[in-house]
2 protein chains.
Amino acid sequence: MSSPARDSEPHRRTRRDHASETAEDYVEAVAELIAARSACRVTDLAKRFGVSHVTVNRIVARLQGEGLLATAPYQPISLTAKGKRLAAKCKQRHEIVYRFLLSIGIDEATAAIDAEGIEHHVSPKTLRRFEELTD
Amino acid sequence: MSSPARDSEPHRRTRRDHASETAEDYVEAVAELIAARSACRVTDLAKRFGVSHVTVNRIVARLQGEGLLATAPYQPISLTAKGKRLAAKCKQRHEIVYRFLLSIGIDEATAAIDAEGIEHHVSPKTLRRFEELTD
DNA sequence: GCCGAAATGTAGCGATTGCTACATCTGTGC
DNA sequence: GCACAGATGTAGCAATCGCTACATTTCGGC
C-alpha cells in the first residue's frame, strides 16, 4: 500500500498474539492429556513441550490467573469452562490446518510441525477457505 | 504419534524460532526501506513495526552483533552480506506465501496479515508445494 | 553561525519464557 | 511406618521485547 510504512498493522497484530499463543498451546495440551490419561500433570506438559517443569509451573500459574486453568499445589491441572471453550476452538482450528496441509500433499510429519506453527496466525477467513478446499 | 508426549518436536521447533523471526522481519524491513528510500533509519523501522524507537534500537544492536546489520551511532542502518542473503530468502518466502493465499481466494488485506504471521512457520517442503499450487 | 525540531541514544522499569539448583511434598515398595 | 524416587514448588539468574523519561546529536531554516 503506502510506501513509507507499507503496513505496520500486520506486524503489530502478529506480535500481539505471542502471549495468547502460549495460552492456546497449553489449554489444548491440557485437554488432550486429560482425554488421553484422565489427568494432566506438570511433568506431562513439560515433556510435551520439551521445557523444564519450572517453566510449565509459571505458565500454568499465569493461565490460572487468566481463568483458563484450575489447579492446586501438588494437584493435577484441569480446565475451567472458559479453558474448555478455548481448547475446543484451538483443536478445531488445528485440525483444519493440519488436514488442509495433508490435502495439498504434505506428509504427516511435516504437516504436524507446520500446523503447530501456522495455526495461531491463520485468520478466520483463511481458515474457512482452508476448510472449503480440503474436500 | 506416541500417545505419552505425542510430539514435543513440533512445539520445540516452533518456539525455538521466535528469536530468528525478529531477525528475519527486521532484515527484510531494512532491505525494503533501503530499496524504497535509499536509507533505513531507526524511526522508519519503529513506524514500520509499530514499536518505539528504543525497542528498534536494541534489536538493531543485537542483530548487528549477530552480523546481520551494520550501523554506527546516528547513522543509517545497512545490511551485511549475510543480512542481504537472509533478506532475499525471506522476501522470496514471503512472496510465495502471500501469492499462495491470494491464489486460493483470500483478499489482499487478509493475505498480507496472514502471510506475515505464517511465513516464519512454513517448512521448505510446504513452501515448495505452495509455489507449485499457485500457478 | 544559531536555534529548535526531529532523530537517536541511554537509563531503568516490567512482563514473558527459558534455565539450574535446591527445597519440599507424595506415593510406592519394603 | 519409613525411606527413597519422582513430582512439584521456590529462588534466583539470563535473554528478549515492550515502555516512559530524559539526554544528546543532527540537520534544516533563518
# chains A, B, ... in the order shown; residues from 1 in each chain; ligands from 1
>>> closest_atom_pairs(of="chain B", to="chain C", cutoff="9 Å", atoms="only C-alpha atoms (C1' of nucleotides)", output="tab-separated table")
residue	atom	partner	partner_atom	distance
B:Arg41	CA	C:DA7	C1'	8.9
B:Val42	CA	C:DT8	C1'	7.8
B:Thr43	CA	C:DA7	C1'	7.3
B:His53	CA	C:DT8	C1'	8.4
B:Val54	CA	C:DG9	C1'	8.5
B:Asn57	CA	C:DG9	C1'	8.4
B:Pro73	CA	C:DT8	C1'	7.7
B:Tyr74	CA	C:DT8	C1'	5.8
B:Gln75	CA	C:DT8	C1'	8.9
>>> interface_residues(of="chain B", to="chain D", cutoff="8 Å", atoms="only C-alpha atoms (C1' of nucleotides)", output="compact mmCIF listing (two decimals) with C-alpha atoms, in the first residue's frame")
# COMPACT_ATOMS: atom_id res chain seq x y z
CA ALA B 19 14.31 -15.23 18.17
CA VAL B 51 7.01 -0.05 18.27
CA SER B 52 9.06 2.62 19.99
CA THR B 55 12.90 -1.22 21.01
CA TYR B 74 23.35 8.40 14.41
>>> atom_distance(atom1="atom CA of B:Glu119", atom2="atom CA of A:Lys84")
29.2 Å
>>> residues_around(residues="stretch 26-28 of chain A", least_positions_apart="6", cutoff="9 Å", atoms="only C-alpha atoms (C1' of nucleotides)", output="PyMOL selection string")
chain A and resi 45+49+59-60+63+68-69+79+83-84+86-91
>>> write_last_selection(atoms="C-alpha atoms", output="PDB file, in the first residue's frame")
ATOM      1  CA  LEU A  45       3.218 -30.726  29.995  1.00  0.00           C
ATOM      2  CA  PHE A  49       6.566 -29.001  25.202  1.00  0.00           C
ATOM      3  CA  ILE A  59       2.825 -20.575  32.799  1.00  0.00           C
ATOM      4  CA  VAL A  60       0.162 -22.693  34.466  1.00  0.00           C
ATOM      5  CA  LEU A  63      -3.163 -19.169  32.914  1.00  0.00           C
ATOM      6  CA  LEU A  68      -8.274 -20.772  31.794  1.00  0.00           C
ATOM      7  CA  LEU A  69      -6.820 -23.455  34.040  1.00  0.00           C
ATOM      8  CA  LEU A  79      -9.626 -26.746  32.531  1.00  0.00           C
ATOM      9  CA  GLY A  83     -10.456 -23.035  29.122  1.00  0.00           C
ATOM     10  CA  LYS A  84     -12.522 -25.847  27.664  1.00  0.00           C
ATOM     11  CA  LEU A  86     -10.751 -22.169  24.082  1.00  0.00           C
ATOM     12  CA  ALA A  87      -9.328 -25.666  23.836  1.00  0.00           C
ATOM     13  CA  ALA A  88     -12.179 -26.809  21.638  1.00  0.00           C
ATOM     14  CA  LYS A  89     -11.743 -23.837  19.343  1.00  0.00           C
ATOM     15  CA  CYS A  90      -7.995 -24.421  19.087  1.00  0.00           C
ATOM     16  CA  LYS A  91      -8.367 -28.108  18.457  1.00  0.00           C
TER      17      LYS A  91
END
>>> select_by_dssp(residues="chain A", states="alpha helix (DSSP H)", output="ChimeraX atom specification")
/A:8-16,18-37,42-49,53-65,81-103,108-118,124-134
>>> closest_residue(among="B:Val30, B:Ala61, B:Ile77, B:Ala36", to="chain A", atoms="only C-alpha atoms")
B:Ala36
>>> select_by_dssp(residues="chain A", states="strand (DSSP E)", output="list of chain:residue names")
A:Leu69, A:Ala70, A:Ser78, A:Leu79
>>> write_last_selection(atoms="C-alpha atoms", output="CSV table (one decimal), in the first residue's frame")
chain,number,residue,atom,x,y,z
A,69,LEU,CA,-6.8,-23.5,34.0
A,70,ALA,CA,-7.5,-24.7,37.6
A,78,SER,CA,-7.9,-29.1,34.9
A,79,LEU,CA,-9.6,-26.7,32.5
>>> closest_residue(among="A:Arg58, A:Glu66, A:Arg37, A:Glu24", to="chain B", atoms="only C-alpha atoms")
A:Arg37
>>> closest_residue(among="B:His18, B:His94, B:Arg128, B:His121", to="chain A", atoms="only C-alpha atoms")
B:His121
